[in-house]
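A short worksheet on the structure shown next.
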Amino acid sequence: MPLNANVKDYLKPENLEEACDFLRENEDAMPVAGGTGISIFMNKGLMSNVRSLVDLDGLGLSFSKKNNDSLEIGSMTKLADMIQFTRDLNIARTALLSIPKEIRNLGTLGGQVFTAYPAFDMSVCLLALGATVNIYDGSSNKSIALEELYSGMFQPNIPPGGIIKSVLIPLNKFNNTHYVKIGKTGHGFSDISFGLSADFRDGTINKIAIAIGGGSLESEPVRLSSVEERLNGMELTKDRIDEAFALVNESKSIEFRSDERTSADFRKHTLAVHIRRVLTDFQSRGGMLK
Ligand SMILES: Cc1cc2nc3c(=O)[nH]c(=O)nc-3n(C[C@H](O)[C@H](O)[C@H](O)COP(=O)(O)OP(=O)(O)OC[C@H]3O[C@@H](n4cnc5c(N)ncnc54)[C@H](O)[C@@H]3O)c2cc1C
């Protein structure tokens with residue numbers, strides 16, 4: 001595949017400090033992890049101002065640590081390896097298995113999270129899990145909620161020279177999690193997607209988080225706060241599910257694209273139907289674990 005880029009230098013730093021220093025001092029440098037996202041940017045001509053790549057391999061960023069409350073996964077962990085680390089998390093497993101195998105074997109968690117691209121499945125599901133991101137800037141570590149990190153597509157709030165070290169997933173916040181991906185084919189990017197995590201017991205939603213993504217979303221992955229606020233702390237009745245359905249259809253925070261295949265309104269309606277389906281499934285199970 002011909003690559004549309006002006007990259008001249010490739011740095012293989014010995015440690016994270018060296019990588020961060022180089023990135024801070026060279027505005028035209030960019031970290032490279034698995035390179036799968038970068039190959040897309042290059043082919044779209046989005047990397048014409050990048051002159052140097054900084055390789056993050058070999059810096060000790062591929063790991064997983066689990067305790068009773070959380071799972072921490074290093075940013076250089078391959079998506080394929082994440083399948084075994086997240087086997088008890090239905091949402092993450094579903095999202096990971098939907099990514100083409102050849103991409104899973106190259107792409108990393110850090111590359112997914114950094115890009116803030118709505119068609120990247122793990123980003124959507126991590127947003128729905130309330131994950132936090134650990135960033136190192138060469139002198140200090142900072143922990144930031146993924147929700148705050150995302151303020152625009154391709155524009156995470158990461159300081160100059162900052163490198164994502166790991167992602168922390170809370171394990172006890174939710175007892176039901178789902179990921180739904182609707183695409184043109186069963187293999188590849190989504191058109192519409194959402195992750196839904198809930199603490200649902202005895203018919204009541206104690207806490208819910210819904211994150212929306214998909215290749216036809218006009219923004220970074222976003223949380224559906226109007227629906228979350230309506231359902232949090234509430235008994236899940238049919239009326240409430242109908243209200244949630246209406247709120248998704250009316251939501252101003254989600255903007256899908258209209259194109260030759262279908263309209264933005266139809267995409268939003270499809271999303272509402274699928275969210276209603278998941279909530280109805282919850283209700284019929286009365287809070288049993290799935
Ligand atoms: C053909 C194809 C099909 C695909 N299908 C899907 C799909 O169905 N679902 C899906 O979710 N994804 C899909 N992808 C996207 C793929 O999952 C992402 O490209 C991948 O996860 C990005 O990881 P990477 O390691 O390759 O990132 P890279 O390409 O190396 O980097 C991407 C960006 O992240 C930055 N970055 C990387 N790591 C860090 C870090 N630790 N700290 C700071 N910045 C960092 C880089 O500087 C760059 O800007 C597809 C990609 C291709 C090419």
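Identifiers in the structure tokens: chain A, B, ... in order shown; residue index from 1 per chain; ligand index from 1 in order shown.
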
At a cut-off of 7 Å around ligand 1, and using only C-alpha atoms and all ligand atoms, what residues come up? Please write them as a tab-separated table (two decimals) with N, CA, C and O atoms, in the first residue's frame.
chain	number	residue	atom	x	y	z
A	30	MET	N	5.58	12.09	16.33
A	30	MET	CA	4.36	11.39	16.77
A	30	MET	C	4.73	9.99	17.28
A	30	MET	O	5.56	9.32	16.65
A	31	PRO	N	4.14	9.54	18.39
A	31	PRO	CA	4.42	8.18	18.84
A	31	PRO	C	3.83	7.16	17.85
A	31	PRO	O	2.80	7.44	17.23
A	32	VAL	N	4.47	6.03	17.72
A	32	VAL	CA	3.90	4.94	16.92
A	32	VAL	C	3.83	3.69	17.81
A	32	VAL	O	4.78	3.35	18.50
A	33	ALA	N	2.65	3.03	17.78
A	33	ALA	CA	2.45	1.80	18.56
A	33	ALA	C	2.38	0.65	17.56
A	33	ALA	O	3.40	0.20	17.04
A	34	GLY	N	1.17	0.20	17.21
A	34	GLY	CA	1.04	-0.88	16.21
A	34	GLY	C	1.10	-0.38	14.77
A	34	GLY	O	1.30	-1.16	13.85
A	35	GLY	N	0.87	0.91	14.59
A	35	GLY	CA	0.96	1.52	13.26
A	35	GLY	C	-0.27	1.36	12.38
A	35	GLY	O	-0.32	1.88	11.28
A	36	THR	N	-1.32	0.68	12.86
A	36	THR	CA	-2.49	0.44	11.99
A	36	THR	C	-3.32	1.72	11.80
A	36	THR	O	-3.81	1.98	10.70
A	37	GLY	N	-3.44	2.50	12.88
A	37	GLY	CA	-4.16	3.78	12.77
A	37	GLY	C	-3.35	4.75	11.92
A	37	GLY	O	-3.89	5.43	11.04
A	38	ILE	N	-2.05	4.78	12.17
A	38	ILE	CA	-1.16	5.69	11.43
A	38	ILE	C	-1.22	5.39	9.93
A	38	ILE	O	-1.21	6.31	9.10
A	39	SER	N	-1.34	4.12	9.57
A	39	SER	CA	-1.40	3.80	8.13
A	39	SER	C	-2.68	4.37	7.51
A	39	SER	O	-2.68	4.83	6.38
A	40	ILE	N	-3.78	4.42	8.31
A	40	ILE	CA	-5.02	5.02	7.79
A	40	ILE	C	-4.82	6.53	7.64
A	40	ILE	O	-5.13	7.11	6.60
A	56	LEU	N	7.10	3.17	20.52
A	56	LEU	CA	6.82	2.93	21.95
A	56	LEU	C	7.05	1.47	22.35
A	56	LEU	O	6.80	1.10	23.50
A	75	SER	N	-0.67	0.37	27.80
A	75	SER	CA	-1.13	0.92	26.51
A	75	SER	C	-0.59	0.18	25.30
A	75	SER	O	-1.19	0.21	24.24
A	76	MET	N	0.57	-0.51	25.44
A	76	MET	CA	1.13	-1.22	24.29
A	76	MET	C	0.61	-2.66	24.19
A	76	MET	O	1.09	-3.44	23.37
A	98	SER	N	-15.06	-8.28	17.66
A	98	SER	CA	-15.65	-7.71	16.43
A	98	SER	C	-14.59	-7.03	15.56
A	98	SER	O	-14.86	-6.66	14.43
A	99	ILE	N	-13.39	-6.85	16.10
A	99	ILE	CA	-12.31	-6.19	15.34
A	99	ILE	C	-11.60	-7.25	14.49
A	99	ILE	O	-11.29	-8.33	15.00
A	100	PRO	N	-11.36	-6.97	13.20
A	100	PRO	CA	-10.72	-8.00	12.37
A	100	PRO	C	-9.44	-8.54	13.02
A	100	PRO	O	-8.65	-7.78	13.58
A	103	ILE	N	-6.05	-7.03	12.47
A	103	ILE	CA	-5.87	-5.73	13.14
A	103	ILE	C	-5.64	-5.95	14.63
A	103	ILE	O	-4.78	-5.32	15.25
A	104	ARG	N	-6.36	-6.90	15.21
A	104	ARG	CA	-6.20	-7.19	16.65
A	104	ARG	C	-4.77	-7.60	16.96
A	104	ARG	O	-4.25	-7.34	18.03
A	106	LEU	N	-2.07	-6.52	15.61
A	106	LEU	CA	-1.11	-5.41	15.48
A	106	LEU	C	-1.50	-4.21	16.35
A	106	LEU	O	-0.66	-3.59	17.00
A	107	GLY	N	-2.78	-3.87	16.31
A	107	GLY	CA	-3.26	-2.66	16.99
A	107	GLY	C	-3.16	-2.79	18.50
A	107	GLY	O	-3.29	-3.88	19.06
A	108	THR	N	-2.96	-1.65	19.16
A	108	THR	CA	-2.80	-1.64	20.61
A	108	THR	C	-3.92	-0.85	21.27
A	108	THR	O	-4.61	-0.05	20.63
A	109	LEU	N	-4.02	-1.05	22.58
A	109	LEU	CA	-5.01	-0.32	23.37
A	109	LEU	C	-4.73	1.20	23.30
A	109	LEU	O	-5.64	2.00	23.11
A	110	GLY	N	-3.46	1.59	23.46
A	110	GLY	CA	-3.11	3.02	23.45
A	110	GLY	C	-3.50	3.71	22.15
A	110	GLY	O	-3.99	4.83	22.15
A	111	GLY	N	-3.29	3.00	21.03
A	111	GLY	CA	-3.62	3.57	19.72
A	111	GLY	C	-5.12	3.78	19.58
A	111	GLY	O	-5.58	4.78	19.03
A	112	GLN	N	-5.89	2.86	20.11
A	112	GLN	CA	-7.36	2.98	20.09
A	112	GLN	C	-7.78	4.20	20.91
A	112	GLN	O	-8.53	5.05	20.45
A	114	PHE	N	-6.09	6.78	22.15
A	114	PHE	CA	-5.57	8.09	21.75
A	114	PHE	C	-6.41	8.70	20.63
A	114	PHE	O	-6.68	9.90	20.60
A	115	THR	N	-6.82	7.86	19.69
A	115	THR	CA	-7.39	8.39	18.45
A	115	THR	C	-8.76	9.05	18.63
A	115	THR	O	-9.14	9.91	17.84
A	119	ALA	N	-15.43	5.04	15.47
A	119	ALA	CA	-15.55	3.67	14.94
A	119	ALA	C	-14.56	2.71	15.60
A	119	ALA	O	-14.54	1.53	15.26
A	120	PHE	N	-13.73	3.20	16.53
A	120	PHE	CA	-12.82	2.31	17.24
A	120	PHE	C	-13.59	1.72	18.44
A	120	PHE	O	-13.92	2.42	19.40
A	121	ASP	N	-13.86	0.44	18.34
A	121	ASP	CA	-14.81	-0.20	19.27
A	121	ASP	C	-14.40	-0.13	20.74
A	121	ASP	O	-15.23	0.07	21.62
A	122	MET	N	-13.09	-0.35	21.01
A	122	MET	CA	-12.69	-0.38	22.42
A	122	MET	C	-12.86	0.98	23.09
A	122	MET	O	-13.14	1.08	24.27
A	162	GLY	N	3.08	13.99	26.01
A	162	GLY	CA	2.39	13.00	26.86
A	162	GLY	C	2.22	11.66	26.17
A	162	GLY	O	1.93	11.60	24.98
A	163	ILE	N	2.43	10.61	26.93
A	163	ILE	CA	2.26	9.25	26.41
A	163	ILE	C	1.27	8.52	27.31
A	163	ILE	O	1.35	8.60	28.55
A	164	ILE	N	0.33	7.81	26.69
A	164	ILE	CA	-0.62	7.01	27.48
A	164	ILE	C	0.15	5.79	27.98
A	164	ILE	O	0.70	5.03	27.18
A	165	LYS	N	0.19	5.63	29.32
A	165	LYS	CA	0.90	4.48	29.88
A	165	LYS	C	-0.05	3.29	30.06
A	165	LYS	O	0.31	2.16	29.75
A	187	HIS	N	-17.50	-7.80	9.48
A	187	HIS	CA	-16.05	-7.79	9.62
A	187	HIS	C	-15.54	-6.38	9.32
A	187	HIS	O	-15.50	-5.97	8.17
A	188	GLY	N	-15.24	-5.62	10.33
A	188	GLY	CA	-14.69	-4.29	10.06
A	188	GLY	C	-15.42	-3.20	10.82
A	188	GLY	O	-16.08	-3.47	11.81
A	189	PHE	N	-15.27	-1.97	10.34
A	189	PHE	CA	-15.76	-0.82	11.08
A	189	PHE	C	-17.28	-0.81	11.25
A	189	PHE	O	-18.02	-1.27	10.39
A	190	SER	N	-17.69	-0.22	12.36
A	190	SER	CA	-19.12	-0.08	12.64
A	190	SER	C	-19.68	1.12	11.88
A	190	SER	O	-18.95	2.03	11.49

Run DSSP on the backbone of this structure and report the residues of region 25-150 of chain A it assigns to strand (DSSP E or B), as a ChimeraX atom specification. /A:29-32,52-55,64-66,70-74,78,108,132-136,141-145,150

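Residues in contact range of region 43-52 of chain A, defined as at most 7 Å between only C-alpha atoms, with sequence neighbours fewer than 5 positions away removed, read Leu3, Asn4, Ala5, Asn6, Val7, Lys8, Asp9, Tyr10, Asp28, Ala29 and Met30 of chain A.
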
Using CA of Met42 (chain A) and CA of Asp137 (chain A) as the two end points, give the distance in Å to one decimal.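 Separation between CA of Met42 (chain A) and CA of Asp137 (chain A): 25.4 Å.
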
Distance CA of Ser253 (chain A)-CA of Val222 (chain A), one decimal place?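 The value is 7.8 Å.
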